[in-house]
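These notes concern the structure reproduced below.
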Amino acid sequence: MQPALNLKSFRTNGYAVLHGAVSSSMISQLRAELARVEAACSSMSEEERERDFVFEKDLSDAGRGGISAHDVGSAIFIIGNLCRYVPLGYELLALPALADASALALGTGPSGVTAHFMNATIKHPIFGRAIGWHRDFPNDYLSGESSSFLRLMICLDGMQANGGATRFMPGTHLVSDEEVRAEKKQGLRHRHDPYAGQPVECGPGDVVLIHPKVVHGSPANHSTEPRRNIVVQVGVAGMALVGEREEATGRMLGPACAGDSGWLPTA
Ligand SMILES: O=C(O)CCC(=O)C(=O)O
């Protein structure tokens, strides 16, 4: 049976977890695909590496609890434009569970949701960096002109509070678009303790829906387990977007998206 979104919780808190939305076979394949891309990255062109990859060593030591750039080697933090490197990403977009939950949360019909972008966010064991408190709307990378979008965070390893799980300030999404635009214009930063708010703890294959205005962030992963998530921003079909397009931009969610990734599900 398809997992059901707790719409009341999403509307009240600004986030909700869809348990068991992605099969364990697909999760295993996605983990293997990320490992393949991580191994292949060093032989990619400089242009691709600069355009689509964010490396731990290029970011602040403070974000990983003082562990130096020298000690993190060529560890990747973000793989952007993920469908370019992992066509299996299109199969995620095709999953009815994700399409239906997104349509419910956005208040559209199932054919009314399209993808904006997809990335892999990799928090390595021991040093995987913290993500500061923020709202996703408005952002500097492919934002909507209005807040009629959300993010789906597909958990490949699950998330634990002591392993860099995402934390939320419930109810902080209940503000107008104008207010948050003004907040951004004034350069207001959300400064809270990295362990403030509510952690979302979940298992592999669970998907966290994130309202674009809820304040969220995550501490560093000092545990011995990786915390890898695939983040997909989706929105009401036809909405105006600000920023550069990528491979997945404009793809419809649901079965209409399947068919051209070359990926065959395992039995
Ligand atoms: O990876 C996380 O913990 C948070 C991701 C996030 O903030 C986002 O994609 O908006």
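Following the order of the structure tokens, chains are lettered A, B, ..., residues in each are numbered from 1, and ligands are numbered from 1.
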Would you list the residues that come within 7 Å of ligand 1? Count only C-alpha atoms and all ligand atoms and give the answer as a ChimeraX atom specification.
/A:121,131,136,151,164-166,216-218,229,231
Tell me which protein, DNA and RNA residues are within 6 Å of segment 250-255 of chain A, counting only C-alpha atoms, leaving out same-chain ones fewer than 2 positions away, and put them as a ChimeraX atom specification.
/A:93-96,99,113-115,248,257-258
Backbone DSSP call of strand (DSSP E or B) for segment 125-215 of chain A, listed as a PDB file with N, CA and C atoms, in the first residue's frame:
ATOM      1  N   GLY A 128      30.996  15.344   8.137  1.00  0.00           N
ATOM      2  CA  GLY A 128      29.953  15.870   7.222  1.00  0.00           C
ATOM      3  C   GLY A 128      29.372  17.167   7.783  1.00  0.00           C
ATOM      4  N   ILE A 131      24.543  22.472   8.243  1.00  0.00           N
ATOM      5  CA  ILE A 131      23.830  23.388   7.327  1.00  0.00           C
ATOM      6  C   ILE A 131      23.118  24.407   8.210  1.00  0.00           C
ATOM      7  N   GLY A 132      23.437  25.690   7.978  1.00  0.00           N
ATOM      8  CA  GLY A 132      22.893  26.747   8.845  1.00  0.00           C
ATOM      9  C   GLY A 132      21.375  26.848   8.758  1.00  0.00           C
ATOM     10  N   TRP A 133      20.777  27.470   9.767  1.00  0.00           N
ATOM     11  CA  TRP A 133      19.323  27.673   9.783  1.00  0.00           C
ATOM     12  C   TRP A 133      18.914  28.595   8.637  1.00  0.00           C
ATOM     13  N   HIS A 134      17.880  28.232   7.943  1.00  0.00           N
ATOM     14  CA  HIS A 134      17.425  29.035   6.800  1.00  0.00           C
ATOM     15  C   HIS A 134      16.005  28.631   6.395  1.00  0.00           C
ATOM     16  N   SER A 143      14.778  29.375  -7.326  1.00  0.00           N
ATOM     17  CA  SER A 143      13.641  29.582  -6.433  1.00  0.00           C
ATOM     18  C   SER A 143      12.396  29.797  -7.278  1.00  0.00           C
ATOM     19  N   GLY A 144      11.234  29.647  -6.646  1.00  0.00           N
ATOM     20  CA  GLY A 144      10.017  30.060  -7.311  1.00  0.00           C
ATOM     21  C   GLY A 144       9.829  31.555  -7.087  1.00  0.00           C
ATOM     22  N   PHE A 149       6.009  25.878  -3.809  1.00  0.00           N
ATOM     23  CA  PHE A 149       6.860  24.708  -4.054  1.00  0.00           C
ATOM     24  C   PHE A 149       7.224  24.078  -2.720  1.00  0.00           C
ATOM     25  N   LEU A 150       7.920  22.981  -2.786  1.00  0.00           N
ATOM     26  CA  LEU A 150       8.394  22.331  -1.556  1.00  0.00           C
ATOM     27  C   LEU A 150       9.596  21.480  -1.912  1.00  0.00           C
ATOM     28  N   ARG A 151      10.253  20.974  -0.879  1.00  0.00           N
ATOM     29  CA  ARG A 151      11.367  20.049  -1.127  1.00  0.00           C
ATOM     30  C   ARG A 151      11.046  18.676  -0.568  1.00  0.00           C
ATOM     31  N   LEU A 152      11.493  17.680  -1.326  1.00  0.00           N
ATOM     32  CA  LEU A 152      11.386  16.292  -0.899  1.00  0.00           C
ATOM     33  C   LEU A 152      12.801  15.850  -0.566  1.00  0.00           C
ATOM     34  N   MET A 153      12.989  15.346   0.625  1.00  0.00           N
ATOM     35  CA  MET A 153      14.323  14.888   1.007  1.00  0.00           C
ATOM     36  C   MET A 153      14.254  13.371   1.144  1.00  0.00           C
ATOM     37  N   ILE A 154      14.852  12.677   0.189  1.00  0.00           N
ATOM     38  CA  ILE A 154      14.778  11.211   0.150  1.00  0.00           C
ATOM     39  C   ILE A 154      15.988  10.661   0.908  1.00  0.00           C
ATOM     40  N   CYS A 155      15.717   9.982   1.998  1.00  0.00           N
ATOM     41  CA  CYS A 155      16.803   9.574   2.900  1.00  0.00           C
ATOM     42  C   CYS A 155      17.360   8.216   2.481  1.00  0.00           C
ATOM     43  N   MET A 159      18.127   9.179   9.065  1.00  0.00           N
ATOM     44  CA  MET A 159      18.758  10.300   9.782  1.00  0.00           C
ATOM     45  C   MET A 159      18.592  10.081  11.285  1.00  0.00           C
ATOM     46  N   ARG A 167      16.890  19.486  11.354  1.00  0.00           N
ATOM     47  CA  ARG A 167      16.075  19.955  12.488  1.00  0.00           C
ATOM     48  C   ARG A 167      15.183  21.100  12.013  1.00  0.00           C
ATOM     49  N   PHE A 168      14.023  21.211  12.607  1.00  0.00           N
ATOM     50  CA  PHE A 168      13.018  22.186  12.158  1.00  0.00           C
ATOM     51  C   PHE A 168      12.538  23.030  13.320  1.00  0.00           C
ATOM     52  N   MET A 169      12.122  24.265  12.989  1.00  0.00           N
ATOM     53  CA  MET A 169      11.408  25.136  13.924  1.00  0.00           C
ATOM     54  C   MET A 169       9.936  25.049  13.503  1.00  0.00           C
ATOM     55  N   GLN A 198      13.413  20.821  16.374  1.00  0.00           N
ATOM     56  CA  GLN A 198      13.025  19.400  16.444  1.00  0.00           C
ATOM     57  C   GLN A 198      13.767  18.600  15.374  1.00  0.00           C
ATOM     58  N   PRO A 199      14.493  17.538  15.776  1.00  0.00           N
ATOM     59  CA  PRO A 199      15.142  16.703  14.756  1.00  0.00           C
ATOM     60  C   PRO A 199      14.131  15.782  14.090  1.00  0.00           C
ATOM     61  N   CYS A 202      14.608   9.284  10.993  1.00  0.00           N
ATOM     62  CA  CYS A 202      13.857   8.414  10.081  1.00  0.00           C
ATOM     63  C   CYS A 202      14.769   7.358   9.493  1.00  0.00           C
ATOM     64  N   VAL A 207      10.856   9.746   3.286  1.00  0.00           N
ATOM     65  CA  VAL A 207      10.978  11.011   2.555  1.00  0.00           C
ATOM     66  C   VAL A 207      10.419  12.134   3.427  1.00  0.00           C
ATOM     67  N   VAL A 208      11.212  13.196   3.591  1.00  0.00           N
ATOM     68  CA  VAL A 208      10.764  14.337   4.396  1.00  0.00           C
ATOM     69  C   VAL A 208      10.274  15.427   3.446  1.00  0.00           C
ATOM     70  N   LEU A 209       9.051  15.886   3.649  1.00  0.00           N
ATOM     71  CA  LEU A 209       8.530  17.012   2.859  1.00  0.00           C
ATOM     72  C   LEU A 209       8.820  18.292   3.621  1.00  0.00           C
ATOM     73  N   ILE A 210       9.412  19.262   2.954  1.00  0.00           N
ATOM     74  CA  ILE A 210       9.824  20.512   3.610  1.00  0.00           C
ATOM     75  C   ILE A 210       9.100  21.695   2.973  1.00  0.00           C
ATOM     76  N   VAL A 215      11.706  27.293   8.903  1.00  0.00           N
ATOM     77  CA  VAL A 215      13.123  27.477   9.259  1.00  0.00           C
ATOM     78  C   VAL A 215      13.697  26.109   9.633  1.00  0.00           C
TER      79      VAL A 215
END
So which one's closest to His190 of chain A, A:Glu247, A:Arg135, A:Gly112, A:Ala120? Using only C-alpha atoms, please.
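For His190 of chain A, the nearest of the given residues is A:Arg135.
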His173 of chain A environment, 6 Å, only C-alpha atoms, sequence neighbours closer than 2 positions dropped, as a PyMOL selection string
chain A and resi 14+171+175+213-214
Restrict the selected residues to N, CA and C atoms and save them as a PDB file, in the first residue's frame.
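again_12.pdb, written as the output of this step:
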ATOM      1  N   GLY A  14       5.000  22.526   9.044  1.00  0.00           N
ATOM      2  CA  GLY A  14       5.855  22.952   7.929  1.00  0.00           C
ATOM      3  C   GLY A  14       6.762  21.834   7.445  1.00  0.00           C
ATOM      4  N   GLY A 171       6.169  25.389  12.650  1.00  0.00           N
ATOM      5  CA  GLY A 171       5.237  26.512  12.562  1.00  0.00           C
ATOM      6  C   GLY A 171       5.831  27.798  11.993  1.00  0.00           C
ATOM      7  N   VAL A 175       4.083  32.452   7.661  1.00  0.00           N
ATOM      8  CA  VAL A 175       4.324  33.875   7.402  1.00  0.00           C
ATOM      9  C   VAL A 175       4.076  34.121   5.913  1.00  0.00           C
ATOM     10  N   LYS A 213       8.982  27.735   3.482  1.00  0.00           N
ATOM     11  CA  LYS A 213       9.205  28.851   4.418  1.00  0.00           C
ATOM     12  C   LYS A 213       9.540  28.379   5.844  1.00  0.00           C
ATOM     13  N   VAL A 214       9.568  27.070   6.079  1.00  0.00           N
ATOM     14  CA  VAL A 214       9.864  26.623   7.449  1.00  0.00           C
ATOM     15  C   VAL A 214      11.371  26.798   7.716  1.00  0.00           C
TER      16      VAL A 214
END
Leaving out Arg11 of chain A and any residue of its chain fewer than 5 positions from it, which residues lie within 9 Å of it when counting only C-alpha atoms, given as JSON, numbers by chain?
{"A": [6, 16, 105, 171, 173, 174, 211]}
Would you put the residues from that selection into a file with C-alpha atoms, as a PDB file, in the first residue's frame?
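This went into result09.pdb:
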ATOM      1  CA  ASN A   6      -0.059  13.463   7.169  1.00  0.00           C
ATOM      2  CA  ALA A  16       6.185  15.850   7.502  1.00  0.00           C
ATOM      3  CA  ALA A 105       0.816  19.181  -0.031  1.00  0.00           C
ATOM      4  CA  GLY A 171       5.237  26.512  12.562  1.00  0.00           C
ATOM      5  CA  HIS A 173       6.378  28.671   7.754  1.00  0.00           C
ATOM      6  CA  LEU A 174       3.190  30.495   8.748  1.00  0.00           C
ATOM      7  CA  HIS A 211       7.672  23.625   3.293  1.00  0.00           C
TER       8      HIS A 211
END
Calculated over only C-alpha atoms, which of the candidates A:Pro125, A:Gly107, A:Gly20, A:Gly243 has the smallest distance to Arg228 of chain A?
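Among the listed residues, the smallest separation from Arg228 of chain A belongs to A:Pro125.
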Best match for closeness to Asp193 of chain A among A:Ala130, A:Met239, A:Val72, A:Leu5, counting only C-alpha atoms
A:Ala130
Looking at A:Ser60, A:Ser148, A:Ser102, A:Asn162, which one is nearest to Glu201 of chain A, with distances taken over only C-alpha atoms?
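Looking only at the distances to Glu201 of chain A, the closest residue turns out to be A:Asn162.
Each of A:Ala220, A:Ala21, A:Ile230, A:Ala182 was checked against Ile67 of chain A using only C-alpha atoms; the smallest atom-to-atom distance is that of A:Ala220.
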Mind checking which residues fall within 9 Å of Ile27 of chain A, counting only C-alpha atoms, ignoring those fewer than 4 positions away in the same chain, and posting them as a PyMOL selection string?
chain A and resi 22-23+31-32+155-157+204-205
Deliver the residues from the most recent selection as a file, using N, CA and C atoms, as a short mmCIF file (atom, residue, chain, number, x, y, z; two decimals), in the first residue's frame.
data_model
loop_
_atom_site.label_atom_id
_atom_site.label_comp_id
_atom_site.auth_asym_id
_atom_site.auth_seq_id
_atom_site.Cartn_x
_atom_site.Cartn_y
_atom_site.Cartn_z
N VAL A 22 10.14 4.92 -0.59
CA VAL A 22 11.03 4.43 -1.66
C VAL A 22 11.52 3.03 -1.27
N SER A 23 11.45 2.09 -2.21
CA SER A 23 11.75 0.68 -1.90
C SER A 23 13.23 0.51 -1.55
N ARG A 31 22.30 4.38 -3.68
CA ARG A 31 23.57 4.45 -2.93
C ARG A 31 24.73 4.03 -3.83
N ALA A 32 24.52 2.94 -4.59
CA ALA A 32 25.58 2.45 -5.47
C ALA A 32 25.90 3.49 -6.56
N CYS A 155 15.72 9.98 2.00
CA CYS A 155 16.80 9.57 2.90
C CYS A 155 17.36 8.22 2.48
N LEU A 156 18.63 8.20 2.09
CA LEU A 156 19.25 6.94 1.66
C LEU A 156 19.77 6.14 2.84
N ASP A 157 20.15 6.83 3.91
CA ASP A 157 20.70 6.14 5.08
C ASP A 157 19.81 6.30 6.30
N PRO A 204 16.04 4.61 6.13
CA PRO A 204 16.28 4.64 4.69
C PRO A 204 14.97 4.43 3.93
N GLY A 205 14.76 5.21 2.90
CA GLY A 205 13.53 5.08 2.12
C GLY A 205 12.42 6.01 2.58
#
Give me, as an MDAnalysis selection string, the residues of segment 21-258 of chain A that a backbone DSSP run labels helix (DSSP H, G or I).
chainID A and resid 24:43 46:52 56:58 62:64 69:72 82:85 89:94 96:106 110:112 161:163 177:185 255:257
Write the residues of the selection above to a file with C-alpha atoms, as a short mmCIF file (atom, residue, chain, number, x, y, z; two decimals), in the first residue's frame.
data_model
loop_
_atom_site.label_atom_id
_atom_site.label_comp_id
_atom_site.auth_asym_id
_atom_site.auth_seq_id
_atom_site.Cartn_x
_atom_site.Cartn_y
_atom_site.Cartn_z
CA SER A 24 14.90 -0.79 -0.39
CA SER A 25 15.99 -2.04 -3.82
CA MET A 26 15.83 1.47 -5.25
CA ILE A 27 17.61 2.89 -2.20
CA SER A 28 20.44 0.35 -2.67
CA GLN A 29 20.74 1.26 -6.34
CA LEU A 30 20.83 4.96 -5.53
CA ARG A 31 23.57 4.45 -2.93
CA ALA A 32 25.58 2.45 -5.47
CA GLU A 33 25.06 5.18 -8.09
CA LEU A 34 26.32 7.88 -5.71
CA ALA A 35 29.40 5.79 -4.93
CA ARG A 36 30.00 5.39 -8.68
CA VAL A 37 29.78 9.16 -9.25
CA GLU A 38 32.06 9.87 -6.27
CA ALA A 39 34.65 7.47 -7.73
CA ALA A 40 34.30 8.94 -11.25
CA CYS A 41 34.46 12.57 -10.18
CA SER A 42 38.25 12.91 -10.25
CA SER A 43 38.30 12.06 -13.97
CA GLU A 46 37.23 20.78 -14.52
CA GLU A 47 34.16 22.50 -15.96
CA GLU A 48 31.79 19.78 -14.73
CA ARG A 49 33.44 19.60 -11.32
CA GLU A 50 33.17 23.35 -10.85
CA ARG A 51 29.64 23.57 -12.16
CA ASP A 52 27.92 20.66 -10.45
CA GLU A 56 34.04 19.79 1.57
CA LYS A 57 37.60 21.12 1.27
CA ASP A 58 36.34 24.34 -0.37
CA ALA A 62 33.95 25.66 11.18
CA GLY A 63 31.03 23.95 9.40
CA ARG A 64 32.52 20.55 10.21
CA ALA A 69 40.33 20.93 4.61
CA HIS A 70 43.49 18.85 4.45
CA ASP A 71 41.82 16.06 6.43
CA VAL A 72 38.74 15.73 4.22
CA LEU A 82 21.90 14.97 -10.15
CA CYS A 83 19.95 13.50 -13.09
CA ARG A 84 22.88 14.34 -15.37
CA TYR A 85 25.06 11.91 -13.41
CA GLY A 89 16.83 10.09 -10.42
CA TYR A 90 14.09 10.20 -13.06
CA GLU A 91 12.66 6.98 -11.61
CA LEU A 92 12.33 8.75 -8.27
CA LEU A 93 10.32 11.50 -9.95
CA ALA A 94 8.10 8.82 -11.47
CA PRO A 96 3.40 7.70 -7.51
CA ALA A 97 4.02 8.00 -3.75
CA LEU A 98 6.17 11.12 -4.26
CA ALA A 99 3.91 12.60 -6.95
CA ASP A 100 0.76 12.10 -4.88
CA ALA A 101 2.22 13.43 -1.62
CA SER A 102 3.61 16.49 -3.42
CA ALA A 103 0.27 17.12 -5.15
CA LEU A 104 -1.57 16.85 -1.83
CA ALA A 105 0.82 19.18 -0.03
CA LEU A 106 0.76 21.71 -2.88
CA PRO A 110 -1.25 14.73 -9.56
CA SER A 111 -0.45 16.01 -13.07
CA GLY A 112 0.16 19.48 -11.71
CA ALA A 161 19.77 13.22 15.85
CA ASN A 162 23.43 12.50 16.66
CA GLY A 163 24.27 11.99 12.98
CA ASP A 177 5.82 35.61 1.10
CA GLU A 178 6.19 39.39 1.49
CA GLU A 179 7.51 39.02 5.04
CA VAL A 180 10.15 36.49 4.09
CA ARG A 181 11.19 38.47 1.00
CA ALA A 182 11.66 41.52 3.25
CA GLU A 183 13.60 39.39 5.73
CA LYS A 184 15.96 38.29 2.96
CA LYS A 185 16.33 41.84 1.62
CA PRO A 255 4.44 7.88 -14.23
CA ALA A 256 4.70 10.42 -17.07
CA CYS A 257 8.31 10.99 -16.02
#
Using only C-alpha atoms, pick whichever of A:Lys8, A:Ser176, A:Leu18, A:Gly66 has the shortest atom-to-atom distance to Phe137 of chain A.
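For Phe137 of chain A, the nearest of the candidates is A:Ser176.
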